[in-house]
>>> print(open('data-v9.txt').read())   # compact mmCIF, N, CA and C atoms
# COMPACT_ATOMS: atom_id res chain seq x y z
N MET A 1 122.65 99.82 95.38
CA MET A 1 122.16 98.45 95.50
C MET A 1 120.78 98.35 94.84
N LEU A 2 120.59 97.33 94.05
CA LEU A 2 119.33 97.11 93.37
C LEU A 2 118.31 96.51 94.33
N ARG A 3 117.15 97.13 94.39
CA ARG A 3 116.09 96.60 95.25
C ARG A 3 115.27 95.59 94.47
N LEU A 4 114.70 94.64 95.18
CA LEU A 4 113.91 93.60 94.55
C LEU A 4 112.74 94.18 93.78
N THR A 5 112.13 95.24 94.27
CA THR A 5 110.98 95.83 93.59
C THR A 5 111.38 96.43 92.25
N GLN A 6 112.62 96.84 92.10
CA GLN A 6 113.09 97.40 90.84
C GLN A 6 113.47 96.32 89.85
N SER A 7 113.87 95.16 90.31
CA SER A 7 114.42 94.13 89.43
C SER A 7 113.43 93.63 88.39
N ARG A 8 112.15 93.68 88.67
CA ARG A 8 111.20 93.17 87.69
C ARG A 8 111.03 94.09 86.50
N TYR A 9 111.58 95.29 86.56
CA TYR A 9 111.47 96.24 85.46
C TYR A 9 112.67 96.20 84.51
N PHE A 10 113.67 95.43 84.81
CA PHE A 10 114.86 95.36 83.97
C PHE A 10 114.87 94.07 83.17
N ASP A 11 115.10 94.19 81.88
CA ASP A 11 115.07 93.03 80.99
C ASP A 11 116.12 91.98 81.35
N ASP A 12 117.22 92.37 81.96
CA ASP A 12 118.28 91.42 82.30
C ASP A 12 117.86 90.42 83.36
N PHE A 13 116.84 90.72 84.12
CA PHE A 13 116.48 89.88 85.25
C PHE A 13 115.35 88.91 84.98
N TYR A 14 114.74 88.95 83.82
CA TYR A 14 113.63 88.03 83.58
C TYR A 14 114.11 86.78 82.87
N ASP A 15 113.46 85.68 83.16
CA ASP A 15 113.76 84.45 82.44
C ASP A 15 112.49 83.75 81.96
N ILE A 16 111.33 84.33 82.30
CA ILE A 16 110.07 83.81 81.78
C ILE A 16 109.15 84.98 81.43
N VAL A 17 108.19 84.67 80.56
CA VAL A 17 107.18 85.65 80.18
C VAL A 17 105.83 85.03 80.48
N LEU A 18 105.02 85.77 81.23
CA LEU A 18 103.67 85.33 81.56
C LEU A 18 102.69 86.12 80.70
N MET A 19 101.68 85.45 80.16
CA MET A 19 100.68 86.10 79.32
C MET A 19 99.38 86.18 80.10
N VAL A 20 98.96 87.40 80.39
CA VAL A 20 97.72 87.65 81.13
C VAL A 20 96.86 88.57 80.29
N GLU A 21 95.67 88.11 79.92
CA GLU A 21 94.76 88.91 79.09
C GLU A 21 95.49 89.50 77.87
N ASP A 22 96.24 88.69 77.17
CA ASP A 22 96.97 89.10 75.96
C ASP A 22 98.02 90.18 76.21
N THR A 23 98.49 90.30 77.45
CA THR A 23 99.57 91.21 77.81
C THR A 23 100.73 90.39 78.35
N CYS A 24 101.93 90.66 77.84
CA CYS A 24 103.12 89.96 78.30
C CYS A 24 103.67 90.62 79.56
N VAL A 25 103.99 89.79 80.54
CA VAL A 25 104.57 90.26 81.80
C VAL A 25 105.88 89.50 82.00
N LYS A 26 106.98 90.21 82.02
CA LYS A 26 108.29 89.60 82.25
C LYS A 26 108.46 89.34 83.73
N ALA A 27 109.06 88.20 84.06
CA ALA A 27 109.23 87.85 85.47
C ALA A 27 110.48 87.00 85.66
N ASN A 28 110.87 86.86 86.90
CA ASN A 28 111.99 86.01 87.27
C ASN A 28 111.44 84.77 87.95
N SER A 29 111.68 83.62 87.36
CA SER A 29 111.09 82.38 87.87
C SER A 29 111.59 82.03 89.27
N LEU A 30 112.82 82.33 89.59
CA LEU A 30 113.33 82.03 90.92
C LEU A 30 112.58 82.81 91.98
N ILE A 31 112.37 84.10 91.73
CA ILE A 31 111.63 84.93 92.68
C ILE A 31 110.20 84.41 92.83
N LEU A 32 109.56 84.12 91.71
CA LEU A 32 108.19 83.62 91.77
C LEU A 32 108.11 82.31 92.55
N ARG A 33 109.05 81.41 92.31
CA ARG A 33 109.04 80.11 93.00
C ARG A 33 109.30 80.26 94.49
N LEU A 34 110.17 81.17 94.86
CA LEU A 34 110.47 81.38 96.29
C LEU A 34 109.32 82.01 97.05
N ARG A 35 108.54 82.84 96.37
CA ARG A 35 107.52 83.63 97.05
C ARG A 35 106.10 83.10 96.93
N SER A 36 105.88 82.12 96.03
CA SER A 36 104.51 81.68 95.78
C SER A 36 104.42 80.16 95.61
N PRO A 37 103.62 79.49 96.44
CA PRO A 37 103.44 78.04 96.26
C PRO A 37 102.84 77.69 94.89
N TYR A 38 101.99 78.57 94.37
CA TYR A 38 101.39 78.36 93.04
C TYR A 38 102.48 78.30 91.98
N PHE A 39 103.36 79.30 91.97
CA PHE A 39 104.43 79.33 90.98
C PHE A 39 105.48 78.27 91.28
N GLN A 40 105.69 77.94 92.54
CA GLN A 40 106.63 76.86 92.88
C GLN A 40 106.21 75.56 92.21
N ALA A 41 104.94 75.23 92.32
CA ALA A 41 104.44 74.00 91.70
C ALA A 41 104.50 74.09 90.18
N MET A 42 104.09 75.22 89.63
CA MET A 42 104.03 75.38 88.18
C MET A 42 105.41 75.35 87.54
N LEU A 43 106.38 75.98 88.16
CA LEU A 43 107.68 76.19 87.53
C LEU A 43 108.76 75.21 87.95
N SER A 44 108.49 74.39 88.93
CA SER A 44 109.48 73.42 89.39
C SER A 44 109.47 72.18 88.49
N PRO A 45 110.63 71.74 88.04
CA PRO A 45 110.68 70.53 87.21
C PRO A 45 110.25 69.27 87.97
N VAL A 46 110.22 69.33 89.28
CA VAL A 46 109.84 68.18 90.10
C VAL A 46 108.42 67.71 89.83
N TYR A 47 107.51 68.66 89.57
CA TYR A 47 106.10 68.33 89.42
C TYR A 47 105.70 67.98 87.99
N GLY A 48 106.57 68.21 87.04
CA GLY A 48 106.33 67.79 85.66
C GLY A 48 105.38 68.66 84.85
N PHE A 49 105.09 69.87 85.30
CA PHE A 49 104.25 70.75 84.51
C PHE A 49 105.03 71.26 83.30
N LYS A 50 104.36 71.39 82.17
CA LYS A 50 105.05 71.83 80.95
C LYS A 50 105.63 73.23 81.09
N GLU A 51 105.05 74.06 81.94
CA GLU A 51 105.53 75.43 82.12
C GLU A 51 106.96 75.47 82.64
N ALA A 52 107.39 74.45 83.34
CA ALA A 52 108.75 74.41 83.88
C ALA A 52 109.79 74.31 82.76
N GLN A 53 109.37 73.89 81.58
CA GLN A 53 110.29 73.70 80.46
C GLN A 53 110.35 74.90 79.52
N LEU A 54 109.45 75.86 79.69
CA LEU A 54 109.38 77.00 78.78
C LEU A 54 110.39 78.07 79.15
N GLY A 55 110.91 78.74 78.15
CA GLY A 55 111.88 79.81 78.38
C GLY A 55 111.33 81.15 77.94
N LYS A 56 112.22 82.11 77.72
CA LYS A 56 111.84 83.48 77.39
C LYS A 56 110.97 83.57 76.13
N GLY A 57 111.20 82.71 75.19
CA GLY A 57 110.49 82.81 73.92
C GLY A 57 109.09 82.20 73.92
N ASN A 58 108.71 81.53 74.98
CA ASN A 58 107.41 80.85 75.06
C ASN A 58 106.63 81.34 76.25
N PRO A 59 105.69 82.26 76.04
CA PRO A 59 104.93 82.79 77.17
C PRO A 59 104.08 81.72 77.86
N ILE A 60 103.94 81.86 79.15
CA ILE A 60 103.09 80.99 79.95
C ILE A 60 101.77 81.71 80.16
N ARG A 61 100.70 81.14 79.67
CA ARG A 61 99.39 81.77 79.78
C ARG A 61 98.82 81.56 81.18
N ILE A 62 98.43 82.67 81.81
CA ILE A 62 97.79 82.66 83.12
C ILE A 62 96.31 82.94 82.90
N GLU A 63 95.46 81.98 83.22
CA GLU A 63 94.02 82.10 82.99
C GLU A 63 93.28 82.39 84.29
N GLY A 64 92.11 83.01 84.17
CA GLY A 64 91.22 83.16 85.31
C GLY A 64 91.54 84.30 86.25
N VAL A 65 92.38 85.23 85.80
CA VAL A 65 92.72 86.38 86.65
C VAL A 65 92.83 87.61 85.74
N SER A 66 92.28 88.72 86.21
CA SER A 66 92.37 89.95 85.43
C SER A 66 93.78 90.52 85.51
N MET A 67 94.12 91.34 84.55
CA MET A 67 95.44 91.97 84.55
C MET A 67 95.59 92.87 85.77
N HIS A 68 94.54 93.57 86.15
CA HIS A 68 94.59 94.44 87.33
C HIS A 68 94.94 93.63 88.59
N LEU A 69 94.28 92.51 88.78
CA LEU A 69 94.55 91.67 89.95
C LEU A 69 95.93 91.05 89.86
N PHE A 70 96.33 90.64 88.67
CA PHE A 70 97.65 90.03 88.50
C PHE A 70 98.76 91.02 88.84
N LYS A 71 98.58 92.27 88.47
CA LYS A 71 99.58 93.30 88.83
C LYS A 71 99.68 93.43 90.35
N CYS A 72 98.56 93.34 91.04
CA CYS A 72 98.58 93.39 92.50
C CYS A 72 99.33 92.19 93.07
N ILE A 73 99.08 91.03 92.52
CA ILE A 73 99.75 89.81 92.97
C ILE A 73 101.26 89.92 92.76
N MET A 74 101.66 90.37 91.57
CA MET A 74 103.08 90.51 91.27
C MET A 74 103.73 91.56 92.16
N SER A 75 103.02 92.63 92.42
CA SER A 75 103.55 93.66 93.31
C SER A 75 103.80 93.08 94.69
N TYR A 76 102.88 92.29 95.17
CA TYR A 76 103.07 91.66 96.48
C TYR A 76 104.22 90.66 96.48
N ILE A 77 104.32 89.86 95.44
CA ILE A 77 105.39 88.88 95.35
C ILE A 77 106.76 89.57 95.38
N TYR A 78 106.89 90.67 94.66
CA TYR A 78 108.17 91.36 94.56
C TYR A 78 108.46 92.29 95.72
N SER A 79 107.44 92.75 96.45
CA SER A 79 107.71 93.80 97.44
C SER A 79 107.10 93.57 98.82
N ASP A 80 106.23 92.58 98.98
CA ASP A 80 105.52 92.36 100.23
C ASP A 80 104.50 93.46 100.51
N ARG A 81 104.16 94.24 99.51
CA ARG A 81 103.16 95.31 99.65
C ARG A 81 102.23 95.31 98.47
N PHE A 82 101.02 95.83 98.68
CA PHE A 82 100.08 96.02 97.59
C PHE A 82 100.17 97.44 97.09
>>> encode(input="data-v9.txt", output="structure tokens")
Amino acid sequence: MLRLTQSRYFDDFYDIVLMVEDTCVKANSLILRLRSPYFQAMLSPVYGFKEAQLGKGNPIRIEGVSMHLFKCIMSYIYSDRF
């Protein structure tokens, strides 16, 4: 059985690319939306943000956070642990 913490490392499971400090981070928008109010607002078509319309070929730039901190955030979103 595939664990949620492993799924972010497989190319088949991503549907968006986040750009943090010029580094691409593959992610699954459904998981992000379910686990984070920030990503829920950003990625939901209900709120009208342009990021909700972008796909794999168009990275979403995340500003104001270091890559080190972003990795911690993503680890928590995917696993409930730091």
>>> select_by_dssp(input="data-v9.txt", residues="segment 5-77 of chain A", states="strand (DSSP E or B)", output="PyMOL selection string")
chain A and resi 16-20+23-27+60-61
>>> atom_distance(input="data-v9.txt", atom1="atom C of Asn28 of chain A", atom2="atom N of Phe82 of chain A")
18.6 Å
>>> closest_residue(input="data-v9.txt", among="A:Val46, A:Cys72, A:Pro59, A:Ile77", to="Leu32 of chain A", atoms="all atoms listed in the file")
A:Ile77
>>> atom_distance(input="data-v9.txt", atom1="atom C of Ser66 of chain A", atom2="atom CA of Glu21 of chain A")
6.7 Å
>>> axis_aligned_box(input="data-v9.txt", around="segment 35-51 of chain A", padding_each_side="8 Å", output="AutoDock Vina command-line options")
--center_x 106.0 --center_y 75.7 --center_z 89.0 --size_x 25.3 --size_y 31.9 --size_z 32.1
>>> residues_around(input="data-v9.txt", residues="Ile62 of chain A", least_positions_apart="2", cutoff="12 Å", atoms="only C-alpha atoms", output="list in words")
Val17, Leu18, Met19, Val20, Glu21, Asp22, Thr23, Cys24, Val25, Tyr38, Phe39, Met42, Glu51, Pro59, Ile60, Gly64, Val65, Ser66, Met67, Leu69 and Phe70 of chain A
>>> write_last_selection(input="data-v9.txt", atoms="N, CA and C atoms", output="short mmCIF file (atom, residue, chain, number, x, y, z; two decimals), keeping the file's coordinate frame")
data_model
loop_
_atom_site.label_atom_id
_atom_site.label_comp_id
_atom_site.auth_asym_id
_atom_site.auth_seq_id
_atom_site.Cartn_x
_atom_site.Cartn_y
_atom_site.Cartn_z
N VAL A 17 108.19 84.67 80.56
CA VAL A 17 107.18 85.65 80.18
C VAL A 17 105.83 85.03 80.48
N LEU A 18 105.02 85.77 81.23
CA LEU A 18 103.67 85.33 81.56
C LEU A 18 102.69 86.12 80.70
N MET A 19 101.68 85.45 80.16
CA MET A 19 100.68 86.10 79.32
C MET A 19 99.38 86.18 80.10
N VAL A 20 98.96 87.40 80.39
CA VAL A 20 97.72 87.65 81.13
C VAL A 20 96.86 88.57 80.29
N GLU A 21 95.67 88.11 79.92
CA GLU A 21 94.76 88.91 79.09
C GLU A 21 95.49 89.50 77.87
N ASP A 22 96.24 88.69 77.17
CA ASP A 22 96.97 89.10 75.96
C ASP A 22 98.02 90.18 76.21
N THR A 23 98.49 90.30 77.45
CA THR A 23 99.57 91.21 77.81
C THR A 23 100.73 90.39 78.35
N CYS A 24 101.93 90.66 77.84
CA CYS A 24 103.12 89.96 78.30
C CYS A 24 103.67 90.62 79.56
N VAL A 25 103.99 89.79 80.54
CA VAL A 25 104.57 90.26 81.80
C VAL A 25 105.88 89.50 82.00
N TYR A 38 101.99 78.57 94.37
CA TYR A 38 101.39 78.36 93.04
C TYR A 38 102.48 78.30 91.98
N PHE A 39 103.36 79.30 91.97
CA PHE A 39 104.43 79.33 90.98
C PHE A 39 105.48 78.27 91.28
N MET A 42 104.09 75.22 89.63
CA MET A 42 104.03 75.38 88.18
C MET A 42 105.41 75.35 87.54
N GLU A 51 105.05 74.06 81.94
CA GLU A 51 105.53 75.43 82.12
C GLU A 51 106.96 75.47 82.64
N PRO A 59 105.69 82.26 76.04
CA PRO A 59 104.93 82.79 77.17
C PRO A 59 104.08 81.72 77.86
N ILE A 60 103.94 81.86 79.15
CA ILE A 60 103.09 80.99 79.95
C ILE A 60 101.77 81.71 80.16
N GLY A 64 92.11 83.01 84.17
CA GLY A 64 91.22 83.16 85.31
C GLY A 64 91.54 84.30 86.25
N VAL A 65 92.38 85.23 85.80
CA VAL A 65 92.72 86.38 86.65
C VAL A 65 92.83 87.61 85.74
N SER A 66 92.28 88.72 86.21
CA SER A 66 92.37 89.95 85.43
C SER A 66 93.78 90.52 85.51
N MET A 67 94.12 91.34 84.55
CA MET A 67 95.44 91.97 84.55
C MET A 67 95.59 92.87 85.77
N LEU A 69 94.28 92.51 88.78
CA LEU A 69 94.55 91.67 89.95
C LEU A 69 95.93 91.05 89.86
N PHE A 70 96.33 90.64 88.67
CA PHE A 70 97.65 90.03 88.50
C PHE A 70 98.76 91.02 88.84
#
